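Below is the file final28.tsv, which contains TSV, C-alpha atoms.
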```tsv
chain	number	residue	atom	x	y	z
A	18	MET	CA	24.45	71.11	172.29
A	19	GLY	CA	23.85	68.55	169.53
A	20	ILE	CA	24.73	68.89	165.88
A	21	LEU	CA	21.14	69.69	164.86
A	22	GLN	CA	20.72	72.33	167.55
A	23	ARG	CA	24.05	73.91	166.60
A	24	TYR	CA	22.97	73.98	162.97
A	25	ILE	CA	19.68	75.74	163.85
A	26	VAL	CA	21.44	78.28	166.07
A	27	GLU	CA	24.05	79.07	163.41
A	28	GLU	CA	21.43	79.48	160.70
A	29	LEU	CA	19.21	81.65	162.91
A	30	LEU	CA	22.05	83.94	163.96
A	31	LYS	CA	23.36	84.22	160.40
A	32	VAL	CA	19.99	85.31	159.01
A	33	PHE	CA	19.17	87.42	162.06
A	34	PHE	CA	22.31	89.58	162.05
A	35	LEU	CA	22.27	90.09	158.29
A	36	ALA	CA	18.62	91.18	158.29
A	37	LEU	CA	19.14	93.23	161.46
A	38	PHE	CA	21.93	95.24	159.84
A	39	VAL	CA	19.80	96.06	156.79
A	40	LEU	CA	16.62	96.90	158.72
A	41	THR	CA	18.42	98.95	161.38
A	42	ALA	CA	20.22	100.97	158.71
A	43	LEU	CA	16.88	101.64	156.99
A	44	LEU	CA	15.14	102.70	160.23
A	45	LEU	CA	18.12	104.85	161.22
A	46	PHE	CA	18.05	106.59	157.86
A	47	VAL	CA	14.30	107.23	158.24
A	48	GLY	CA	14.83	108.54	161.78
A	49	LEU	CA	17.56	110.93	160.65
A	50	GLY	CA	15.31	112.17	157.85
A	51	GLN	CA	12.48	112.82	160.29
A	52	GLN	CA	14.77	114.79	162.59
A	53	ALA	CA	16.13	116.80	159.67
A	54	ILE	CA	12.59	117.74	158.63
A	55	LYS	CA	11.08	118.17	162.11
A	56	GLU	CA	13.93	119.95	163.89
A	57	GLY	CA	15.85	121.39	160.93
A	58	LEU	CA	19.12	119.71	161.99
A	59	GLY	CA	22.16	120.19	159.78
A	60	PHE	CA	24.61	117.51	158.66
A	61	VAL	CA	26.95	117.81	161.68
A	62	ALA	CA	24.04	117.69	164.14
A	63	LEU	CA	22.60	114.63	162.37
A	64	ILE	CA	25.93	112.82	162.73
A	65	LYS	CA	25.91	113.64	166.45
A	66	ALA	CA	22.34	112.31	166.69
A	67	VAL	CA	23.18	108.85	165.27
A	68	PRO	CA	24.23	107.21	168.59
A	69	TYR	CA	21.03	108.44	170.27
A	70	LEU	CA	18.75	107.27	167.44
A	71	LEU	CA	20.42	103.84	167.19
A	72	PRO	CA	18.75	102.26	170.29
A	73	ASN	CA	15.37	103.47	169.04
A	74	ALA	CA	15.97	101.90	165.62
A	75	LEU	CA	17.13	98.64	167.21
A	76	ARG	CA	14.15	98.28	169.53
A	77	PHE	CA	11.85	98.27	166.50
A	78	ALA	CA	14.17	96.26	164.26
A	79	VAL	CA	15.00	93.34	166.58
A	80	PRO	CA	11.46	91.86	166.99
A	81	GLY	CA	10.70	92.06	163.27
A	82	THR	CA	14.10	90.62	162.38
A	83	MET	CA	13.60	87.73	164.81
A	84	LEU	CA	10.28	86.92	163.14
A	85	PHE	CA	11.95	87.04	159.74
A	86	ALA	CA	14.80	84.76	160.89
A	87	VAL	CA	12.58	82.02	162.36
A	88	CYS	CA	10.30	82.06	159.30
A	89	ASN	CA	13.32	81.76	157.03
A	90	VAL	CA	15.11	78.96	158.88
A	91	TYR	CA	12.16	76.86	160.03
A	92	GLY	CA	10.42	77.26	156.69
A	93	ARG	CA	13.45	75.77	154.92
A	94	VAL	CA	13.80	73.01	157.51
A	95	SER	CA	10.16	72.03	157.13
A	96	ALA	CA	10.24	72.21	153.31
A	97	SER	CA	13.22	69.80	153.22
A	98	ASN	CA	11.30	67.31	155.43
A	99	GLU	CA	13.96	67.38	158.13
A	100	LEU	CA	11.32	67.47	160.85
A	101	ASN	CA	9.64	64.36	159.39
A	102	ALA	CA	12.99	62.62	159.41
A	103	LEU	CA	13.43	63.51	163.08
A	104	LYS	CA	10.00	62.12	163.93
A	105	ALA	CA	10.78	58.93	162.02
A	106	ALA	CA	13.98	58.58	164.06
A	107	GLY	CA	11.99	58.98	167.28
A	108	ILE	CA	13.34	62.47	168.06
A	109	SER	CA	10.92	65.18	169.13
A	110	PRO	CA	10.76	68.21	166.79
A	111	MET	CA	10.95	70.31	169.95
A	112	SER	CA	14.70	69.68	169.97
A	113	LEU	CA	14.92	71.90	166.85
A	114	ILE	CA	12.26	74.39	167.96
A	115	ALA	CA	13.75	75.01	171.43
A	116	PRO	CA	16.92	76.82	170.20
A	117	GLY	CA	14.79	79.39	168.35
A	118	LEU	CA	12.68	80.04	171.45
A	119	VAL	CA	15.76	80.34	173.67
A	120	ILE	CA	17.35	82.87	171.31
A	121	ALA	CA	14.05	84.79	171.21
A	122	LEU	CA	13.94	84.81	175.03
A	123	VAL	CA	17.49	86.22	175.26
A	124	LEU	CA	16.68	88.84	172.64
A	125	SER	CA	13.48	89.75	174.51
A	126	VAL	CA	15.46	90.63	177.63
A	127	THR	CA	17.89	92.60	175.45
A	128	CYS	CA	14.95	94.44	173.85
A	129	VAL	CA	13.62	95.45	177.27
A	130	TRP	CA	16.98	97.09	177.92
A	131	LEU	CA	16.95	98.71	174.46
A	132	ASN	CA	13.47	100.13	175.08
A	133	ASP	CA	14.62	101.61	178.37
A	134	VAL	CA	17.78	103.10	176.86
A	135	ALA	CA	16.00	104.46	173.77
A	136	VAL	CA	13.26	106.37	175.60
A	137	SER	CA	15.53	107.69	178.38
A	138	TRP	CA	19.20	108.07	177.39
A	139	GLY	CA	18.46	108.22	173.65
A	140	HIS	CA	15.68	110.79	174.01
A	141	LEU	CA	17.73	112.97	176.36
A	142	GLY	CA	20.80	112.79	174.13
A	143	LEU	CA	18.81	113.69	171.03
A	144	ARG	CA	17.22	116.57	172.91
A	145	ASN	CA	20.68	117.84	173.89
A	146	VAL	CA	21.80	117.69	170.25
A	147	VAL	CA	18.76	119.79	169.29
A	148	MET	CA	19.47	122.22	172.16
A	149	GLN	CA	23.06	122.66	171.05
A	150	SER	CA	21.87	123.46	167.53
A	151	ILE	CA	18.82	125.52	168.42
A	152	ASP	CA	20.32	128.84	167.38
A	153	ASP	CA	21.45	127.37	164.03
A	154	ILE	CA	17.97	125.91	163.55
A	155	VAL	CA	16.24	129.21	164.33
A	156	TYR	CA	18.58	131.24	162.11
A	157	GLY	CA	18.14	128.77	159.24
A	158	VAL	CA	14.34	129.01	159.39
A	159	LEU	CA	14.31	132.79	159.85
A	160	LYS	CA	16.56	133.37	156.83
A	161	THR	CA	14.13	131.53	154.56
A	162	LYS	CA	10.70	132.16	156.12
A	163	LYS	CA	11.28	135.27	158.28
A	164	SER	CA	9.37	133.50	161.08
A	165	PHE	CA	9.98	130.66	163.53
A	166	HIS	CA	7.44	128.92	165.78
A	167	SER	CA	7.83	126.37	168.58
A	168	ASP	CA	5.85	125.42	171.69
A	169	LYS	CA	8.09	127.65	173.85
A	170	PHE	CA	8.62	130.75	171.71
A	171	SER	CA	8.08	132.29	168.29
A	172	ILE	CA	10.00	134.95	166.34
A	173	LEU	CA	9.03	137.25	163.49
A	174	VAL	CA	11.74	139.36	161.82
A	175	ARG	CA	11.93	141.93	159.08
A	176	ASP	CA	15.30	140.59	157.89
A	177	VAL	CA	18.38	138.60	158.94
A	178	GLU	CA	21.88	140.00	158.38
A	179	GLY	CA	24.48	137.44	159.40
A	180	ASP	CA	23.70	136.66	163.06
A	181	LEU	CA	21.74	139.90	163.51
A	182	LEU	CA	17.94	139.83	163.57
A	183	ILE	CA	16.43	143.06	162.23
A	184	ARG	CA	13.26	144.32	163.94
A	185	PRO	CA	12.44	141.05	165.71
A	186	GLU	CA	9.13	140.37	167.48
A	187	ILE	CA	9.66	137.58	170.02
A	188	SER	CA	6.79	135.91	171.89
A	189	ILE	CA	7.69	133.69	174.86
A	190	VAL	CA	5.13	131.34	176.40
A	191	LYS	CA	5.49	131.46	180.18
A	192	SER	CA	4.21	128.83	182.60
A	193	GLY	CA	1.53	129.21	185.19
A	194	GLU	CA	-0.08	132.62	185.57
A	195	GLN	CA	2.57	134.66	183.74
A	196	GLY	CA	0.91	134.50	180.33
A	197	ILE	CA	2.90	135.47	177.24
A	198	VAL	CA	5.88	137.82	177.17
A	199	THR	CA	6.31	139.83	173.96
A	200	ILE	CA	9.64	141.42	173.06
A	201	SER	CA	10.22	143.92	170.28
A	202	ALA	CA	13.64	145.37	169.50
A	203	ALA	CA	15.68	147.15	166.88
A	204	THR	CA	18.05	144.18	166.61
A	205	ALA	CA	18.69	140.90	168.41
A	206	LYS	CA	21.26	138.09	168.51
A	207	LEU	CA	20.62	134.49	169.62
A	208	GLU	CA	23.04	132.10	171.31
A	209	SER	CA	22.18	128.64	172.62
A	210	ASP	CA	23.04	127.66	176.19
A	211	PRO	CA	22.41	123.87	176.27
A	212	GLU	CA	23.88	123.53	179.76
A	213	HIS	CA	20.96	125.54	181.20
A	214	ASP	CA	18.36	124.60	178.54
A	215	ARG	CA	17.89	128.13	177.30
A	216	VAL	CA	18.58	130.57	174.46
A	217	ILE	CA	20.42	133.77	175.38
A	218	VAL	CA	19.05	136.82	173.55
A	219	THR	CA	21.05	140.04	173.23
A	220	LEU	CA	18.66	142.91	172.43
A	221	THR	CA	19.17	146.50	171.26
A	222	ASP	CA	16.60	149.22	172.08
A	223	SER	CA	14.02	146.74	173.29
A	224	ARG	CA	10.51	146.87	174.69
A	225	ILE	CA	9.22	143.97	176.82
A	226	ARG	CA	5.51	143.51	177.51
A	227	SER	CA	3.80	140.86	179.66
A	228	THR	CA	0.20	139.71	179.16
A	229	GLY	CA	-0.06	138.30	182.70
A	230	PRO	CA	-2.39	139.69	185.41
A	231	GLU	CA	-0.09	142.68	186.08
A	232	GLY	CA	0.57	143.44	182.42
A	233	LYS	CA	3.89	145.25	182.94
A	234	VAL	CA	5.85	147.03	180.21
A	235	PHE	CA	9.63	147.60	180.31
A	236	GLU	CA	11.70	149.87	178.08
A	237	HIS	CA	15.41	149.05	177.67
A	238	PRO	CA	17.38	151.60	175.59
A	239	GLY	CA	20.75	150.31	174.43
A	240	GLU	CA	21.86	146.72	174.93
A	241	PHE	CA	19.92	144.31	177.13
A	242	VAL	CA	20.49	140.58	177.64
A	243	THR	CA	17.69	138.16	178.51
A	244	SER	CA	17.03	134.45	178.00
A	245	ILE	CA	14.32	132.13	176.67
A	246	PRO	CA	13.90	128.96	178.78
A	247	LEU	CA	13.41	125.83	176.70
A	248	THR	CA	12.10	123.76	179.61
A	249	ASP	CA	9.42	124.49	182.19
A	250	PRO	CA	11.13	125.87	185.32
A	251	THR	CA	8.03	125.18	187.44
A	252	ALA	CA	8.18	121.45	186.76
A	253	VAL	CA	9.00	118.99	189.52
A	254	GLU	CA	12.82	119.16	189.44
A	255	GLY	CA	12.53	120.52	185.89
A	256	ILE	CA	11.20	117.34	184.30
A	257	ARG	CA	7.65	117.09	182.96
A	258	ASP	CA	7.51	113.88	180.96
A	259	ALA	CA	7.23	110.54	182.75
A	260	SER	CA	7.57	108.61	179.49
A	261	HIS	CA	11.29	109.37	179.31
A	262	GLN	CA	12.38	108.30	182.80
A	263	PRO	CA	14.66	105.24	183.07
A	264	MET	CA	12.90	102.33	184.77
A	265	ARG	CA	15.21	102.40	187.78
A	266	ARG	CA	13.96	105.91	188.58
A	267	ILE	CA	10.26	105.34	187.95
A	268	PRO	CA	9.38	104.22	191.53
A	269	ALA	CA	10.99	107.38	192.97
A	270	TRP	CA	9.30	109.58	190.37
A	271	SER	CA	5.97	107.94	191.06
A	272	GLY	CA	6.32	108.88	194.72
A	273	LYS	CA	7.21	112.47	193.80
A	274	MET	CA	4.26	112.75	191.45
A	275	LYS	CA	1.82	111.42	194.05
A	276	THR	CA	3.16	113.92	196.58
A	277	TYR	CA	2.85	116.77	194.06
A	278	HIS	CA	-0.68	115.67	193.14
A	279	ARG	CA	-1.70	115.76	196.81
A	280	GLN	CA	-0.18	119.23	197.19
A	281	VAL	CA	-2.11	120.52	194.17
A	282	ALA	CA	-5.31	118.97	195.52
A	283	GLN	CA	-4.70	120.73	198.85
A	284	VAL	CA	-4.23	124.09	197.08
A	285	LEU	CA	-7.48	123.61	195.17
A	286	ALA	CA	-9.28	122.56	198.35
A	287	ALA	CA	-8.01	125.67	200.13
A	288	LYS	CA	-9.12	127.89	197.26
A	289	GLY	CA	-12.51	126.19	197.20
A	290	ALA	CA	-12.91	126.69	200.95
A	291	ALA	CA	-12.01	130.38	200.58
A	292	CYS	CA	-14.67	130.74	197.90
A	293	LEU	CA	-17.29	129.18	200.19
A	294	VAL	CA	-16.35	131.51	203.04
A	295	THR	CA	-16.37	134.67	200.93
A	296	GLY	CA	-19.27	133.60	198.74
A	297	GLN	CA	-17.33	134.62	195.62
A	298	MET	CA	-16.78	131.88	193.04
A	299	PRO	CA	-13.79	132.25	190.68
A	300	ALA	CA	-14.47	133.48	187.15
A	301	GLU	CA	-14.31	130.95	184.33
A	302	ASP	CA	-11.21	132.66	182.91
A	303	ASP	CA	-9.46	133.04	186.30
A	304	PRO	CA	-5.81	132.22	185.43
A	305	THR	CA	-4.94	131.07	188.97
A	306	TRP	CA	-7.78	128.57	189.19
A	307	SER	CA	-7.19	127.35	185.62
A	308	TYR	CA	-3.48	126.86	186.30
A	309	TRP	CA	-4.01	124.66	189.37
A	310	MET	CA	-6.75	122.66	187.65
A	311	LYS	CA	-4.38	121.97	184.76
A	312	GLU	CA	-1.66	120.95	187.22
A	313	LYS	CA	-4.05	118.54	188.92
A	314	ASN	CA	-5.02	116.92	185.62
A	315	TRP	CA	-1.39	116.85	184.48
A	316	SER	CA	-0.08	115.22	187.67
A	317	ALA	CA	-2.86	112.60	187.56
A	318	ALA	CA	-1.95	111.81	183.95
A	319	GLN	CA	1.75	111.53	184.86
A	320	ILE	CA	0.96	109.07	187.66
A	321	ASN	CA	-0.93	106.87	185.18
A	322	ARG	CA	1.97	107.11	182.71
A	323	LEU	CA	4.47	106.12	185.40
A	324	LYS	CA	2.36	103.05	186.19
A	325	THR	CA	2.13	102.14	182.51
A	326	GLU	CA	5.72	102.73	181.37
A	327	PRO	CA	7.43	99.66	182.93
A	328	HIS	CA	4.72	97.37	181.53
A	329	ARG	CA	5.01	98.99	178.10
A	330	ARG	CA	8.78	98.52	177.93
A	331	TRP	CA	8.67	94.91	179.13
A	332	ALA	CA	5.77	94.07	176.80
A	333	ASN	CA	7.53	95.69	173.82
A	334	GLY	CA	10.72	93.79	174.63
A	335	PHE	CA	9.02	90.40	174.96
A	336	SER	CA	7.34	90.83	171.61
A	337	CYS	CA	10.44	88.97	170.30
A	338	LEU	CA	9.40	85.79	172.12
A	339	CYS	CA	5.76	86.22	171.09
A	340	PHE	CA	6.69	86.71	167.43
A	341	ALA	CA	8.97	83.66	167.46
A	342	LEU	CA	6.34	81.49	169.15
A	343	LEU	CA	3.87	82.44	166.42
A	344	GLY	CA	6.31	82.40	163.50
A	345	ILE	CA	7.93	79.01	164.13
A	346	PRO	CA	4.79	76.82	163.94
A	347	LEU	CA	3.38	78.88	161.06
A	348	ALA	CA	6.59	78.45	159.04
A	349	ILE	CA	6.66	74.71	159.80
A	350	ARG	CA	3.02	74.23	158.81
A	351	GLN	CA	3.53	76.21	155.58
A	352	ARG	CA	6.21	73.68	154.45
A	353	ASN	CA	7.41	76.30	152.01
A	354	ALA	CA	11.04	77.11	151.26
A	355	ASP	CA	9.90	80.56	150.11
A	356	PHE	CA	10.58	82.43	153.35
A	357	VAL	CA	8.79	85.57	152.09
A	358	THR	CA	5.46	83.69	152.06
A	359	SER	CA	6.08	82.29	155.55
A	360	PHE	CA	7.13	85.69	156.88
A	361	PHE	CA	4.07	87.53	155.64
A	362	ALA	CA	1.79	84.72	156.87
A	363	ALA	CA	3.11	85.49	160.37
A	364	PHE	CA	3.55	89.24	159.96
A	365	VAL	CA	-0.07	89.93	158.91
A	366	PRO	CA	-1.59	88.79	162.25
A	367	VAL	CA	1.18	90.67	164.07
A	368	LEU	CA	0.35	93.83	162.14
A	369	LEU	CA	-3.43	93.47	162.39
A	370	VAL	CA	-3.74	92.04	165.90
A	371	TYR	CA	-0.67	92.60	168.06
A	372	TYR	CA	0.12	96.26	167.38
A	373	PRO	CA	-3.51	97.51	167.55
A	374	LEU	CA	-4.04	95.64	170.84
A	375	MET	CA	-0.77	97.01	172.20
A	376	ALA	CA	-1.69	100.58	171.22
A	377	LEU	CA	-5.19	100.17	172.68
A	378	GLY	CA	-3.84	98.85	175.98
A	379	VAL	CA	-1.25	101.61	176.26
A	380	ASP	CA	-3.75	104.39	175.50
A	381	ARG	CA	-6.37	103.09	177.92
A	382	ALA	CA	-3.81	102.48	180.66
A	383	LYS	CA	-2.32	105.96	180.30
A	384	ASP	CA	-5.82	107.44	180.47
A	385	GLY	CA	-6.41	105.52	183.69
A	386	GLU	CA	-9.41	103.67	182.21
A	387	TRP	CA	-7.72	100.23	182.27
A	388	PRO	CA	-5.11	98.77	184.66
A	389	ALA	CA	-1.47	99.03	183.55
A	390	VAL	CA	-1.27	95.26	182.87
A	391	ALA	CA	-3.64	95.81	179.93
A	392	VAL	CA	-0.50	96.73	177.96
A	393	TRP	CA	0.25	92.98	177.78
A	394	LEU	CA	-3.00	92.27	175.90
A	395	GLY	CA	-1.34	91.89	172.50
A	396	ASN	CA	1.42	89.67	173.93
A	397	VAL	CA	-1.12	87.39	175.63
A	398	VAL	CA	-3.13	86.95	172.42
A	399	LEU	CA	0.01	86.02	170.43
A	400	LEU	CA	1.22	83.66	173.17
A	401	ILE	CA	-2.13	81.85	173.21
A	402	ALA	CA	-2.30	81.62	169.40
A	403	GLY	CA	1.35	80.62	169.07
A	404	GLY	CA	1.13	78.03	171.87
A	405	TRP	CA	-1.97	76.48	170.30
A	406	LEU	CA	-0.33	76.31	166.87
A	407	LEU	CA	2.87	74.87	168.33
A	408	GLN	CA	0.94	72.17	170.16
A	409	ARG	CA	-0.91	71.17	166.99
A	410	THR	CA	2.35	71.23	165.01
A	411	LEU	CA	4.07	68.88	167.47
A	412	LYS	CA	1.10	66.47	167.38
A	413	ASN	CA	0.96	66.38	163.60
```
Is it possible to give me this structure as structure tokens?
Amino acid sequence: MGILQRYIVEELLKVFFLALFVLTALLLFVGLGQQAIKEGLGFVALIKAVPYLLPNALRFAVPGTMLFAVCNVYGRVSASNELNALKAAGISPMSLIAPGLVIALVLSVTCVWLNDVAVSWGHLGLRNVVMQSIDDIVYGVLKTKKSFHSDKFSILVRDVEGDLLIRPEISIVKSGEQGIVTISAATAKLESDPEHDRVIVTLTDSRIRSTGPEGKVFEHPGEFVTSIPLTDPTAVEGIRDASHQPMRRIPAWSGKMKTYHRQVAQVLAAKGAACLVTGQMPAEDDPTWSYWMKEKNWSAAQINRLKTEPHRRWANGFSCLCFALLGIPLAIRQRNADFVTSFFAAFVPVLLVYYPLMALGVDRAKDGEWPAVAVWLGNVVLLIAGGWLLQRTLKN
């Protein structure tokens, strides 16, 4: 590596790591604040959540920081006429541009890994932190509002004395055809069981009522222990969200989802055939028919998500290279030592073109309306624009 290339690499890395530290700290702080508001996590739980939020902060910080670094360094190089001096000496400016693109390429591969870690390991770890603190979260909300609501269960209480809930009314949303289970009791205590993704409830003088087809009612004088599942036990191996699978497992999960989708289609076909034989069509509010229709739509959506996810993670990761390819020629053509001007000249098209096209491609691909490769639409547009600008910059 020549002296000029070494100088560019050192300057790029110096600016990159300094800006990365500041931006990552800011994004991490914002992420912790969102979790504190959304999940009600306390200080200890937030500290435990930091390692799991860090990959997510980095995957957003690295591309923007790379754009900032190339605008800073190449803007100063162009403003000091160093590129003109190279041309006068018969040296191609590409010798100074290449190190920035190589660094961006290495960071792109790293960002692909960060995207995979953030949405799989990071999401699962953060979920475990929330699970471990679920009873503290519920108690904290109940003490102030006397009610707690989530997508799995809700609780209304008359009062909270220590860890004892006075006159609680607990509603648990069950999967499939089971409807909603309502529990009323004189008192209740909650205890999280993160190992089994559930909350253990110890009830006193309780009454349990189901709104399912059978509508059973159970009376339990004295103490009775039950549990509230926090995940769907009817899911394929207990996992419902394809977006949080690591990429190495996506092919296997795709096969499982396709098999499950075929099984659901067979159940619906059998039910439809039975209706034709008997001449009795299911009612519009038939819970059995509605459940299997929802499962069919859900499994089809999961298959589309599994097709889209690898493309999304690779496209997000390689945004580093796309940003650098756009930022370098723009900074050179600006010939301005004020890196803020150069940065915003490159960041505005990224904000107005790249991210909307990326979001559009992801949404359409997940809906099954466009092929999964449509996720790369924003990257392709930036690569074309950046390549054209770079070519014109080298000629001029």
Could you work out an axis-aligned bounding box for all listed atoms of stretch 87-92 of chain A, with 4 Å added on each of the six sides, and give its centre and edge lengths in Å to one decimal, as AutoDock Vina command-line options?
```
--center_x 12.7 --center_y 79.5 --center_z 159.5 --size_x 12.8 --size_y 13.2 --size_z 13.7
```
| A:Val126 surroundings by only C-alpha atoms, 9 Å radius, close-in-sequence under 3 positions cut, as a list in words |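 Returned residues: Ala121, Leu122, Val123, Val129, Trp130, Leu131, Trp331, Gly334 and Phe335 of chain A.
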| said: Please list as a PyMOL selection string every residue within 6 Å of stretch 344-355 of chain A, counting only C-alpha atoms and excluding residues in the same chain fewer than 5 positions away. | reply: chain A and resi 87-88+91-93+95-96+363+406-407
| request: Name the closest residue to A:Leu181 among the candidates A:Thr161, A:Thr219, A:Ser150, A:Ser167; distances are taken between atoms, counting all atoms listed in the file. | output: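 Between A:Thr161, A:Thr219, A:Ser150, A:Ser167, the residue approaching A:Leu181 most closely is A:Thr219.
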| Which residue of A:Ser227, A:Asn333, A:Ser359, A:Ser171 approaches A:Pro80 most closely, using all atoms listed in the file |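 Distance minimum relative to A:Pro80 lands on A:Asn333.
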| field | Å distance separating atom CA of A:Leu45 from atom CA of A:Ala62, one decimal place | value |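 Here the two named atoms are 14.4 Å from each other.
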| In Å, how far is it from atom CA of A:Met264 to atom CA of A:Cys339? |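 Distance reported for this atom pair: 22.3 Å.
Nearest-residue note for A:Lys233: choosing from A:Ala106, A:Ala362, A:Val198, A:Ile245, the minimum distance belongs to A:Val198, counting all atoms listed in the file.
Compared by their closest atoms to A:Leu118, and using all atoms listed in the file, the residues A:Phe241, A:Arg381, A:Leu338, A:Val67 rank with A:Leu338 nearest.
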